[in-house]
>>> print(open('entry-v8.cif').read())   # mmCIF, C-alpha atoms (C1' of nucleotides)
data_protein
loop_
_atom_site.label_atom_id
_atom_site.label_comp_id
_atom_site.auth_asym_id
_atom_site.auth_seq_id
_atom_site.Cartn_x
_atom_site.Cartn_y
_atom_site.Cartn_z
CA MET A 15 0.00 0.00 0.00
CA PRO A 16 1.82 3.09 -1.21
CA LYS A 17 1.35 6.38 0.66
CA VAL A 18 -0.54 7.96 -2.18
CA THR A 19 -3.31 5.48 -1.82
CA ASP A 20 -3.85 6.21 1.84
CA ALA A 21 -4.01 9.94 1.29
CA HIS A 22 -6.30 9.37 -1.63
CA ARG A 23 -8.57 7.17 0.39
CA ALA A 24 -8.79 9.73 3.18
CA ALA A 25 -9.55 12.50 0.73
CA ARG A 26 -12.29 10.51 -0.95
CA ARG A 27 -13.83 9.57 2.36
CA GLY A 28 -13.82 13.19 3.40
CA GLN A 29 -15.37 14.22 0.12
CA ILE A 30 -18.18 11.72 0.57
CA LEU A 31 -18.78 12.63 4.18
CA GLN A 32 -18.94 16.29 3.39
CA ALA A 33 -21.50 15.64 0.66
CA ALA A 34 -23.50 13.42 2.97
CA TRP A 35 -23.40 16.08 5.66
CA LYS A 36 -24.92 18.60 3.29
CA CYS A 37 -27.66 16.24 2.16
CA PHE A 38 -28.50 15.11 5.67
CA ALA A 39 -28.62 18.70 6.89
CA ARG A 40 -31.02 19.61 4.09
CA LYS A 41 -33.36 16.64 4.14
CA GLY A 42 -32.60 14.48 7.14
CA PHE A 43 -31.27 10.95 7.14
CA HIS A 44 -34.27 9.08 5.85
CA ALA A 45 -35.41 11.44 3.14
CA THR A 46 -31.88 11.47 1.73
CA SER A 47 -31.24 8.81 -0.87
CA MET A 48 -27.90 7.37 -1.80
CA ALA A 49 -28.44 8.96 -5.18
CA ASP A 50 -28.54 12.35 -3.45
CA VAL A 51 -25.25 11.73 -1.69
CA ILE A 52 -23.65 10.30 -4.80
CA GLY A 53 -24.75 13.27 -6.87
CA GLU A 54 -23.62 15.80 -4.29
CA ALA A 55 -20.24 14.12 -4.02
CA GLY A 56 -19.85 14.15 -7.78
CA LEU A 57 -18.92 10.49 -7.80
CA SER A 58 -20.52 7.30 -8.96
CA ALA A 59 -22.41 4.69 -7.00
CA GLY A 60 -19.63 2.20 -7.34
CA ALA A 61 -17.06 4.63 -6.01
CA VAL A 62 -19.09 5.53 -2.96
CA TYR A 63 -19.75 1.91 -2.07
CA LEU A 64 -16.05 1.31 -2.27
CA TYR A 65 -15.52 3.57 0.72
CA PHE A 66 -18.65 2.86 2.71
CA ARG A 67 -20.34 -0.47 2.89
CA SER A 68 -23.82 0.96 3.40
CA LYS A 69 -25.86 4.07 3.93
CA ASP A 70 -25.97 3.24 7.60
CA GLU A 71 -22.21 3.37 7.78
CA ILE A 72 -22.29 6.87 6.33
CA ILE A 73 -24.91 7.95 8.83
CA VAL A 74 -22.80 6.72 11.71
CA ALA A 75 -19.74 8.48 10.35
CA VAL A 76 -21.56 11.78 9.95
CA ALA A 77 -23.04 11.49 13.43
CA GLY A 78 -19.52 11.02 14.70
CA GLN A 79 -18.36 14.15 12.92
CA VAL A 80 -21.19 16.15 14.43
CA PHE A 81 -19.86 15.44 17.89
CA ALA A 82 -16.22 15.59 16.97
CA GLY A 83 -14.19 18.09 18.84
CA ILE A 84 -16.83 19.16 21.34
CA GLU A 85 -15.12 17.36 24.16
CA ASP A 86 -11.67 18.70 23.40
CA ARG A 87 -12.75 22.31 23.20
CA LEU A 88 -14.83 21.95 26.33
CA LEU A 89 -11.98 20.37 28.25
CA THR A 90 -9.52 23.12 27.50
CA PHE A 91 -12.12 25.72 28.40
CA LEU A 92 -13.00 24.02 31.66
CA ALA A 93 -9.36 23.63 32.60
CA GLY A 94 -8.94 27.41 32.65
CA ASP A 95 -7.62 29.20 35.67
CA PRO A 96 -9.48 30.50 37.60
CA PRO A 97 -12.13 27.83 37.03
CA PRO A 98 -15.08 29.11 35.01
CA SER A 99 -18.30 29.76 36.88
CA PRO A 100 -21.47 27.78 36.17
CA ALA A 101 -22.77 30.80 34.26
CA ASP A 102 -19.60 30.89 32.17
CA ILE A 103 -19.88 27.18 31.46
CA ALA A 104 -23.49 27.55 30.43
CA GLU A 105 -22.69 30.37 28.07
CA PHE A 106 -19.82 28.44 26.55
CA LEU A 107 -22.03 25.42 25.97
CA ILE A 108 -24.75 27.47 24.33
CA ARG A 109 -22.32 28.95 21.86
CA GLN A 110 -20.66 25.65 21.07
CA PRO A 111 -22.72 24.24 18.21
CA LEU A 112 -22.34 27.37 16.11
CA ARG A 113 -18.68 27.80 16.89
CA ALA A 114 -17.94 24.21 16.10
CA HIS A 115 -19.53 24.31 12.67
CA ALA A 116 -19.39 27.90 11.57
CA ASP A 117 -20.56 27.00 8.10
CA ALA A 118 -24.19 26.25 7.30
CA PRO A 119 -25.59 27.56 10.55
CA ALA A 120 -29.18 27.52 9.31
CA GLU A 121 -29.24 23.82 8.77
CA LEU A 122 -27.08 22.86 11.71
CA TYR A 123 -29.82 22.72 14.33
CA PRO A 124 -32.14 20.48 12.32
CA LEU A 125 -29.21 18.18 11.66
CA LEU A 126 -28.55 17.95 15.37
CA LEU A 127 -32.17 17.03 15.97
CA SER A 128 -31.89 14.34 13.34
CA VAL A 129 -28.82 12.91 14.97
CA TRP A 130 -30.46 12.81 18.37
CA ALA A 131 -33.59 11.18 17.08
CA GLU A 132 -31.52 8.65 15.22
CA ALA A 133 -29.49 8.00 18.36
CA ALA A 134 -32.66 6.94 20.13
CA ARG A 135 -33.25 4.13 17.62
CA ASN A 136 -30.09 3.21 15.73
CA PRO A 137 -27.78 1.22 18.00
CA ALA A 138 -24.60 2.30 16.24
CA VAL A 139 -25.49 5.98 16.39
CA ASN A 140 -26.63 5.50 19.95
CA GLY A 141 -23.17 4.23 20.76
CA VAL A 142 -21.38 7.37 19.68
CA ALA A 143 -24.03 9.73 21.08
CA ARG A 144 -24.27 7.98 24.39
CA SER A 145 -20.56 7.94 25.00
CA VAL A 146 -20.32 11.62 24.17
CA LEU A 147 -23.22 12.57 26.43
CA GLU A 148 -21.90 10.49 29.29
CA GLU A 149 -18.42 11.88 28.93
CA LEU A 150 -19.85 15.39 28.82
CA ARG A 151 -21.76 14.77 32.00
CA THR A 152 -18.74 13.65 33.97
CA VAL A 153 -16.56 16.41 32.57
CA LEU A 154 -19.10 19.05 33.52
CA ALA A 155 -19.60 17.59 36.96
CA ARG A 156 -15.85 17.68 37.52
CA ALA A 157 -15.70 21.33 36.48
CA LEU A 158 -18.55 22.26 38.79
CA ARG A 159 -16.84 20.47 41.64
CA ARG A 160 -13.69 22.44 40.95
CA TRP A 161 -15.68 25.64 41.14
CA ALA A 162 -17.12 24.60 44.48
CA GLU A 163 -13.73 23.62 45.84
CA VAL A 164 -12.45 27.09 45.10
CA GLY A 165 -14.80 28.48 47.70
CA HIS A 166 -18.08 28.99 45.87
CA SER A 167 -21.39 27.40 46.67
CA LEU A 168 -23.54 25.31 44.35
CA PRO A 169 -27.31 25.04 44.59
CA ALA A 170 -27.11 21.26 44.14
CA SER A 171 -24.54 18.51 43.68
CA PRO A 172 -22.33 18.66 40.58
CA GLU A 173 -23.80 15.37 39.39
CA GLN A 174 -27.29 16.81 39.57
CA LEU A 175 -26.41 20.09 37.91
CA ALA A 176 -24.45 18.69 35.00
CA PRO A 177 -27.51 17.26 33.20
CA VAL A 178 -29.27 20.58 33.67
CA LEU A 179 -26.41 22.39 31.97
CA MET A 180 -26.63 19.98 29.08
CA SER A 181 -30.34 20.54 28.75
CA LEU A 182 -29.74 24.21 28.12
CA VAL A 183 -28.05 23.52 24.81
CA GLN A 184 -30.42 20.80 23.77
CA GLY A 185 -33.48 22.90 24.45
CA LEU A 186 -32.14 25.87 22.57
CA VAL A 187 -31.30 23.74 19.56
CA MET A 188 -34.76 22.22 19.51
CA GLN A 189 -36.64 25.47 19.93
CA GLN A 190 -34.51 27.17 17.32
CA ALA A 191 -34.94 24.32 14.86
CA ILE A 192 -38.72 24.33 15.21
CA THR A 193 -39.75 27.89 15.90
CA GLY A 194 -36.69 29.96 15.10
CA GLN A 195 -36.85 31.35 18.63
CA PRO A 196 -35.27 32.47 20.88
CA THR A 197 -32.10 34.07 19.56
CA VAL A 198 -28.88 32.82 21.04
CA GLU A 199 -28.30 36.23 22.59
CA ASP A 200 -31.66 36.45 24.37
CA TYR A 201 -31.31 32.92 25.56
CA ARG A 202 -27.81 33.47 26.80
CA THR A 203 -28.96 36.45 28.83
CA GLY A 204 -31.68 34.48 30.59
CA VAL A 205 -29.45 31.54 31.33
CA ARG A 206 -26.63 33.67 32.63
CA ALA A 207 -28.92 35.60 34.93
CA LEU A 208 -30.36 32.41 36.32
CA PHE A 209 -26.98 30.94 37.14
CA GLU A 210 -25.44 34.10 38.42
CA THR A 211 -28.05 34.59 41.10
CA ALA A 212 -27.41 31.01 42.10
CA ASP A 213 -23.65 30.92 42.48
CA MET B 13 -75.38 10.60 7.64
CA PRO B 14 -76.85 8.67 10.53
CA LYS B 15 -75.31 9.07 14.00
CA VAL B 16 -73.97 5.55 14.01
CA THR B 17 -71.74 6.32 11.13
CA ASP B 18 -70.12 9.29 12.82
CA ALA B 19 -69.45 7.37 16.00
CA HIS B 20 -68.13 4.53 13.93
CA ARG B 21 -65.84 6.77 11.97
CA ALA B 22 -64.46 8.32 15.15
CA ALA B 23 -63.86 4.91 16.68
CA ARG B 24 -62.07 3.63 13.61
CA ARG B 25 -59.91 6.70 13.41
CA GLY B 26 -59.01 6.29 17.05
CA GLN B 27 -58.21 2.65 16.51
CA ILE B 28 -55.88 3.47 13.65
CA LEU B 29 -54.20 6.32 15.49
CA GLN B 30 -53.60 4.18 18.53
CA ALA B 31 -52.02 1.50 16.38
CA ALA B 32 -49.91 4.07 14.57
CA TRP B 33 -48.81 5.53 17.89
CA LYS B 34 -47.54 2.14 19.01
CA CYS B 35 -45.66 1.50 15.80
CA PHE B 36 -44.13 4.97 15.69
CA ALA B 37 -43.07 4.70 19.31
CA ARG B 38 -41.37 1.39 18.60
CA LYS B 39 -39.68 2.11 15.32
CA GLY B 40 -39.99 5.80 14.54
CA PHE B 41 -41.86 7.37 11.66
CA HIS B 42 -39.68 6.36 8.78
CA ALA B 43 -38.92 2.80 9.72
CA THR B 44 -42.61 2.14 10.21
CA SER B 45 -44.38 0.90 7.10
CA MET B 46 -48.04 1.21 6.38
CA ALA B 47 -48.14 -2.56 6.59
CA ASP B 48 -47.01 -2.28 10.22
CA VAL B 49 -49.77 0.16 11.08
CA ILE B 50 -52.36 -1.85 9.18
CA GLY B 51 -51.37 -5.05 10.93
CA GLU B 52 -51.28 -3.46 14.37
CA ALA B 53 -54.73 -1.96 13.80
CA GLY B 54 -56.07 -5.32 12.72
CA LEU B 55 -57.59 -3.78 9.62
CA SER B 56 -56.94 -3.93 5.93
CA ALA B 57 -55.10 -1.51 3.72
CA GLY B 58 -58.28 -0.42 2.04
CA ALA B 59 -59.95 0.35 5.34
CA VAL B 60 -57.07 2.42 6.63
CA TYR B 61 -56.84 4.48 3.47
CA LEU B 62 -60.51 5.19 3.82
CA TYR B 63 -59.81 7.19 6.96
CA PHE B 64 -56.44 8.68 6.15
CA ARG B 65 -55.36 9.76 2.73
CA SER B 66 -51.68 9.05 3.30
CA LYS B 67 -49.06 8.01 5.78
CA ASP B 68 -48.12 11.63 6.17
CA GLU B 69 -51.63 12.45 7.32
CA ILE B 70 -51.32 9.79 10.01
CA ILE B 71 -47.99 11.18 11.14
CA VAL B 72 -49.45 14.64 11.51
CA ALA B 73 -52.41 13.31 13.45
CA VAL B 74 -50.19 11.38 15.85
CA ALA B 75 -47.93 14.37 16.34
CA GLY B 76 -51.03 16.34 17.25
CA GLN B 77 -52.04 13.74 19.82
CA VAL B 78 -48.61 13.84 21.39
CA PHE B 79 -49.08 17.50 22.22
CA ALA B 80 -52.76 17.25 22.99
CA GLY B 81 -53.74 18.35 26.42
CA ILE B 82 -50.39 19.75 27.52
CA GLU B 83 -51.59 23.30 27.27
CA ASP B 84 -54.83 22.72 29.13
CA ARG B 85 -53.20 20.98 32.05
CA LEU B 86 -50.48 23.59 32.22
CA LEU B 87 -52.95 26.44 32.16
CA THR B 88 -55.00 25.14 35.05
CA PHE B 89 -51.82 24.50 37.02
CA LEU B 90 -50.44 27.96 36.34
CA ALA B 91 -53.73 29.60 37.25
CA GLY B 92 -53.47 28.26 40.80
CA ASP B 93 -53.60 30.58 43.76
CA PRO B 94 -51.11 31.49 45.09
CA PRO B 95 -49.20 31.53 41.78
CA PRO B 96 -46.69 28.66 41.51
CA SER B 97 -43.04 29.57 41.87
CA PRO B 98 -40.57 29.10 39.02
CA ALA B 99 -39.32 26.00 40.80
CA ASP B 100 -42.85 24.62 41.00
CA ILE B 101 -43.42 25.33 37.34
CA ALA B 102 -40.19 23.64 36.39
CA GLU B 103 -41.08 20.56 38.38
CA PHE B 104 -44.54 20.42 36.87
CA LEU B 105 -43.11 20.65 33.37
CA ILE B 106 -40.61 17.90 33.99
CA ARG B 107 -43.29 15.55 35.16
CA GLN B 108 -45.67 16.37 32.35
CA PRO B 109 -44.72 13.93 29.60
CA LEU B 110 -45.07 10.92 31.84
CA ARG B 111 -48.28 12.11 33.46
CA ALA B 112 -49.82 12.88 30.13
CA HIS B 113 -49.18 9.45 28.68
CA ALA B 114 -48.98 7.13 31.62
CA ASP B 115 -48.92 4.09 29.38
CA ALA B 116 -45.84 3.02 27.46
CA PRO B 117 -43.39 5.22 29.37
CA ALA B 118 -40.34 3.46 27.98
CA GLU B 119 -41.08 4.36 24.42
CA LEU B 120 -42.50 7.79 25.07
CA TYR B 121 -39.26 9.72 25.08
CA PRO B 122 -37.99 8.32 21.78
CA LEU B 123 -41.35 9.12 20.23
CA LEU B 124 -41.05 12.70 21.41
CA LEU B 125 -37.62 12.93 19.83
CA SER B 126 -39.05 11.62 16.59
CA VAL B 127 -41.80 14.19 16.63
CA TRP B 128 -39.37 17.03 17.23
CA ALA B 129 -37.03 15.91 14.50
CA GLU B 130 -39.94 15.56 12.14
CA ALA B 131 -41.15 19.01 13.10
CA ALA B 132 -37.88 20.45 11.90
CA ARG B 133 -38.48 19.11 8.37
CA ASN B 134 -42.13 18.33 7.73
CA PRO B 135 -44.09 21.56 7.28
CA ALA B 136 -47.38 20.12 8.52
CA VAL B 137 -45.82 18.71 11.67
CA ASN B 138 -43.91 21.91 12.11
CA GLY B 139 -47.20 23.76 12.12
CA VAL B 140 -48.61 21.91 15.09
CA ALA B 141 -45.32 21.79 16.99
CA ARG B 142 -44.53 25.42 16.43
CA SER B 143 -47.90 26.66 17.57
CA VAL B 144 -47.69 24.55 20.71
CA LEU B 145 -44.18 25.72 21.54
CA GLU B 146 -45.05 29.36 20.95
CA GLU B 147 -48.18 29.12 23.00
CA LEU B 148 -46.22 27.44 25.77
CA ARG B 149 -43.70 30.22 25.75
CA THR B 150 -46.25 32.97 26.18
CA VAL B 151 -48.20 31.04 28.79
CA LEU B 152 -45.06 30.44 30.82
CA ALA B 153 -43.95 34.04 30.51
CA ARG B 154 -47.34 35.17 31.77
CA ALA B 155 -47.12 32.86 34.76
CA LEU B 156 -43.65 34.10 35.63
CA ARG B 157 -44.85 37.67 35.38
CA ARG B 158 -47.65 36.84 37.77
CA TRP B 159 -45.15 35.45 40.22
CA ALA B 160 -43.10 38.63 39.99
CA GLU B 161 -46.15 40.84 40.45
CA VAL B 162 -46.93 39.08 43.68
CA GLY B 163 -43.79 40.48 45.19
CA HIS B 164 -41.07 38.03 44.19
CA SER B 165 -38.00 38.78 42.15
CA LEU B 166 -36.93 37.08 38.94
CA PRO B 167 -33.33 36.72 37.78
CA ALA B 168 -34.32 37.80 34.26
CA SER B 169 -37.34 38.88 32.27
CA PRO B 170 -40.23 36.42 31.96
CA GLU B 171 -39.74 36.33 28.20
CA GLN B 172 -36.12 35.32 28.65
CA LEU B 173 -36.80 32.74 31.32
CA ALA B 174 -39.68 30.96 29.60
CA PRO B 175 -37.48 29.33 26.91
CA VAL B 176 -35.10 28.19 29.63
CA LEU B 177 -37.94 26.46 31.45
CA MET B 178 -38.92 24.72 28.25
CA SER B 179 -35.38 23.55 27.69
CA LEU B 180 -35.46 21.70 30.96
CA VAL B 181 -38.06 19.25 29.68
CA GLN B 182 -36.55 18.92 26.27
CA GLY B 183 -33.10 18.20 27.60
CA LEU B 184 -34.34 15.60 30.03
CA VAL B 185 -36.31 13.83 27.32
CA MET B 186 -33.32 13.73 25.05
CA GLN B 187 -30.83 12.54 27.63
CA GLN B 188 -33.22 9.90 28.87
CA ALA B 189 -33.97 8.69 25.38
CA ILE B 190 -30.30 8.32 24.50
CA THR B 191 -28.49 7.41 27.70
CA GLY B 192 -31.25 6.45 30.13
CA GLN B 193 -29.90 9.08 32.49
CA PRO B 194 -30.64 10.99 34.65
CA THR B 195 -33.70 9.75 36.49
CA VAL B 196 -36.59 12.15 36.70
CA GLU B 197 -36.13 12.37 40.45
CA ASP B 198 -32.46 13.29 40.36
CA TYR B 199 -33.08 15.78 37.63
CA ARG B 200 -36.00 17.31 39.45
CA THR B 201 -33.84 17.81 42.53
CA GLY B 202 -31.16 19.66 40.63
CA VAL B 203 -33.60 21.87 38.77
CA ARG B 204 -35.57 22.73 41.86
CA ALA B 205 -32.46 23.68 43.77
CA LEU B 206 -31.29 25.89 40.95
CA PHE B 207 -34.54 27.80 40.77
CA GLU B 208 -35.11 28.04 44.48
CA THR B 209 -31.84 29.81 45.11
CA ALA B 210 -32.82 32.21 42.36
CA ASP B 211 -36.32 33.22 43.36
"C1'" DG C 23 -67.73 -0.30 4.30
"C1'" DT C 24 -64.25 -3.63 4.14
"C1'" DC C 25 -61.04 -6.87 2.20
"C1'" DT C 26 -57.67 -8.97 -1.29
"C1'" DA C 27 -54.71 -8.48 -4.67
"C1'" DT C 28 -51.79 -5.78 -7.19
"C1'" DA C 29 -49.93 -1.79 -9.99
"C1'" DT C 30 -46.38 1.23 -9.66
"C1'" DC C 31 -42.53 3.29 -8.11
"C1'" DC C 32 -38.24 4.05 -5.74
"C1'" DG C 33 -34.19 3.10 -3.04
"C1'" DG C 34 -30.19 0.41 -1.77
"C1'" DA C 35 -26.77 -2.33 -3.31
"C1'" DT C 36 -24.06 -5.07 -6.96
"C1'" DA C 37 -21.88 -6.85 -11.32
"C1'" DG C 38 -19.00 -6.28 -14.78
"C1'" DA C 39 -16.99 -3.22 -18.48
"C1'" DC C 40 -13.25 -0.02 -19.03
"C1'" DG D 3 -10.03 2.52 -9.22
"C1'" DT D 4 -14.05 4.22 -11.33
"C1'" DC D 5 -18.35 4.29 -13.98
"C1'" DT D 6 -22.80 2.46 -16.12
"C1'" DA D 7 -26.45 -0.31 -16.06
"C1'" DT D 8 -29.28 -3.10 -13.58
"C1'" DC D 9 -31.43 -6.11 -10.09
"C1'" DC D 10 -34.16 -6.99 -6.28
"C1'" DG D 11 -36.89 -5.94 -2.42
"C1'" DG D 12 -40.11 -3.32 -0.30
"C1'" DA D 13 -43.25 0.54 0.31
"C1'" DT D 14 -47.28 3.40 -0.85
"C1'" DA D 15 -51.46 3.71 -2.70
"C1'" DT D 16 -55.39 1.93 -5.61
"C1'" DA D 17 -58.84 -1.03 -8.09
"C1'" DG D 18 -62.33 -3.90 -7.88
"C1'" DA D 19 -64.75 -7.95 -5.66
"C1'" DC D 20 -67.91 -8.90 -1.89
#
>>> encode(input="entry-v8.cif", output="structure tokens")
Amino acid sequence: MPKVTDAHRAARRGQILQAAWKCFARKGFHATSMADVIGEAGLSAGAVYLYFRSKDEIIVAVAGQVFAGIEDRLLTFLAGDPPPSPADIAEFLIRQPLRAHADAPAELYPLLLSVWAEAARNPAVNGVARSVLEELRTVLARALRRWAEVGHSLPASPEQLAPVLMSLVQGLVMQQAITGQPTVEDYRTGVRALFETAD
Amino acid sequence: MPKVTDAHRAARRGQILQAAWKCFARKGFHATSMADVIGEAGLSAGAVYLYFRSKDEIIVAVAGQVFAGIEDRLLTFLAGDPPPSPADIAEFLIRQPLRAHADAPAELYPLLLSVWAEAARNPAVNGVARSVLEELRTVLARALRRWAEVGHSLPASPEQLAPVLMSLVQGLVMQQAITGQPTVEDYRTGVRALFETAD
DNA sequence: GTCTATATCCGGATAGAC
DNA sequence: GTCTATCCGGATATAGAC
């Protein structure tokens, strides 16, 4: 296996995934046909099936990309000194989805909804989503504990607050995707106020 | 049109919707075939298509049922005297989905996720979901305002806090559907503590 | 009103030429 | 490695008998 081939393979895979991402963002997983992906990628059916065994495999890969990087960015943020306050953490979380995927913001939220819904049914997608959510929960709890250890008070245990922090993002995404409301800025203000009176 | 016919029609429609609900809860909208619904209802294809013109029409009807009643129950709760506190409202919201559909709790959360994801794509479903979410937002804002007018303080404006309250349910549903965590009780405790320190 | 049988279409995946 | 052409299965919706 010469080097060229590996690079080539990676490039092709990326090309396909990017095309699939666009299609899935536009129409969702189920309404997207392989023909859509193939057309968007500018390849042929045979070529695509050379890199992915099935549509399901592409879905799982895209779901993975959606979550990719969240943890890393969050970890470096949470490791800051002094430790960020719960309000800071909340604000950071809320801004994450858009920061992570600066392109195609309009279709990002619906895509996230699709991924979550799929994660509730598709075992493979569930695997990646579940591990990310669980990791997120422990990371957030650890950060909250750090904040408490530095002399601040928390309204509840870190383990109980972490899921609440996560809900803030999830709820915003859903409401935005369905009603277009509220704006990130309005939402951020409400959330920050709530946590600041509670620290 | 004799009375019998109307009652009959209503009963049949209900029968079909109940069957569809079960199938959708189990497998989601897209993985459910008309054959599934037809079999579950114990009817024939011809009969089902007599009451619903298409699968899409059934999806919209089920989505409507999922939201049915939420508003009414919430309104009577919020109208209580003395006005419920933000913490009380949050707790009520969190418990709602399970109270509303006491049967089939295990599959309720995934079904909700499916409905939300569908609402982000399917215009008809979006219509019902959007109107419910918007109504919910104004109703909650009004209740928070009432609480403030009775002499309590709020960390932010009612309009900013209402979406945050809604997020609490949505996040719990999603986390439960995907990871099975946290339990309603743990979650409730965290949420209540957060809002009680802030009232 | 209801059922059976089926027309019609479409999507995923493959086979084989180049 | 890549493309074209195609197969097969399954899904929606309908037609027509009873």
>>> closest_residue(input="entry-v8.cif", among="A:Val142, A:Ala45, A:Leu88, A:Val183", to="Tyr201 of chain A", atoms="all atoms listed in the file")
A:Val183
>>> residues_around(input="entry-v8.cif", residues="Leu180 of chain B", least_positions_apart="6", cutoff="10 Å", atoms="only C-alpha atoms (C1' of nucleotides)", output="PyMOL selection string")
(chain A and resi 177-186) or (chain B and resi 102-103+105-106+199-200+203)
>>> interface_residues(input="entry-v8.cif", of="chain B", to="chain A", cutoff="8 Å", atoms="all atoms listed in the file", output="PyMOL selection string")
chain B and resi 39-40+42+122+125-126+128-129+131-133+138+141-142+145-146+167-169+172-173+175-176+178-184+186-187+189-191+194+198-199+201-203+205-207+209-210
>>> interface_residues(input="entry-v8.cif", of="chain B", to="chain C", cutoff="8 Å", atoms="all atoms listed in the file", output="PDB file with C-alpha atoms, in the frame of the given file")
ATOM      1  CA  SER B  56     -56.940  -3.930   5.930  1.00  0.00           C
ATOM      2  CA  GLY B  58     -58.280  -0.420   2.040  1.00  0.00           C
ATOM      3  CA  ALA B  59     -59.950   0.350   5.340  1.00  0.00           C
TER       4      ALA B  59
END
>>> resolve_selection(input="entry-v8.cif", expression="the PyMOL selection byres ((chain D) within 9 of (chain A))", output="list of chain:residue names")
D:DG3, D:DT4, D:DC5, D:DT6
>>> closest_residue(input="entry-v8.cif", among="A:Ala138, A:Ala49, A:Ala33, A:Ala114", to="Ile84 of chain A", atoms="only C-alpha atoms")
A:Ala114
>>> atom_distance(input="entry-v8.cif", atom1="atom C1' of DC9 of chain D", atom2="atom CA of Trp35 of chain A")
28.4 Å
>>> residues_around(input="entry-v8.cif", residues="Gly81 of chain B", least_positions_apart="4", cutoff="12 Å", atoms="only C-alpha atoms (C1' of nucleotides)", output="PDB file with C-alpha atoms, in the frame of the given file")
ATOM      1  CA  GLY B  76     -51.030  16.340  17.250  1.00  0.00           C
ATOM      2  CA  GLN B  77     -52.040  13.740  19.820  1.00  0.00           C
ATOM      3  CA  ARG B  85     -53.200  20.980  32.050  1.00  0.00           C
ATOM      4  CA  LEU B  86     -50.480  23.590  32.220  1.00  0.00           C
ATOM      5  CA  LEU B  87     -52.950  26.440  32.160  1.00  0.00           C
ATOM      6  CA  THR B  88     -55.000  25.140  35.050  1.00  0.00           C
ATOM      7  CA  GLN B 108     -45.670  16.370  32.350  1.00  0.00           C
ATOM      8  CA  PRO B 109     -44.720  13.930  29.600  1.00  0.00           C
ATOM      9  CA  ARG B 111     -48.280  12.110  33.460  1.00  0.00           C
ATOM     10  CA  ALA B 112     -49.820  12.880  30.130  1.00  0.00           C
ATOM     11  CA  HIS B 113     -49.180   9.450  28.680  1.00  0.00           C
ATOM     12  CA  VAL B 144     -47.690  24.550  20.710  1.00  0.00           C
ATOM     13  CA  LEU B 148     -46.220  27.440  25.770  1.00  0.00           C
TER      14      LEU B 148
END
>>> atom_distance(input="entry-v8.cif", atom1="atom CA of Glu85 of chain A", atom2="atom CA of Glu149 of chain A")
8.0 Å
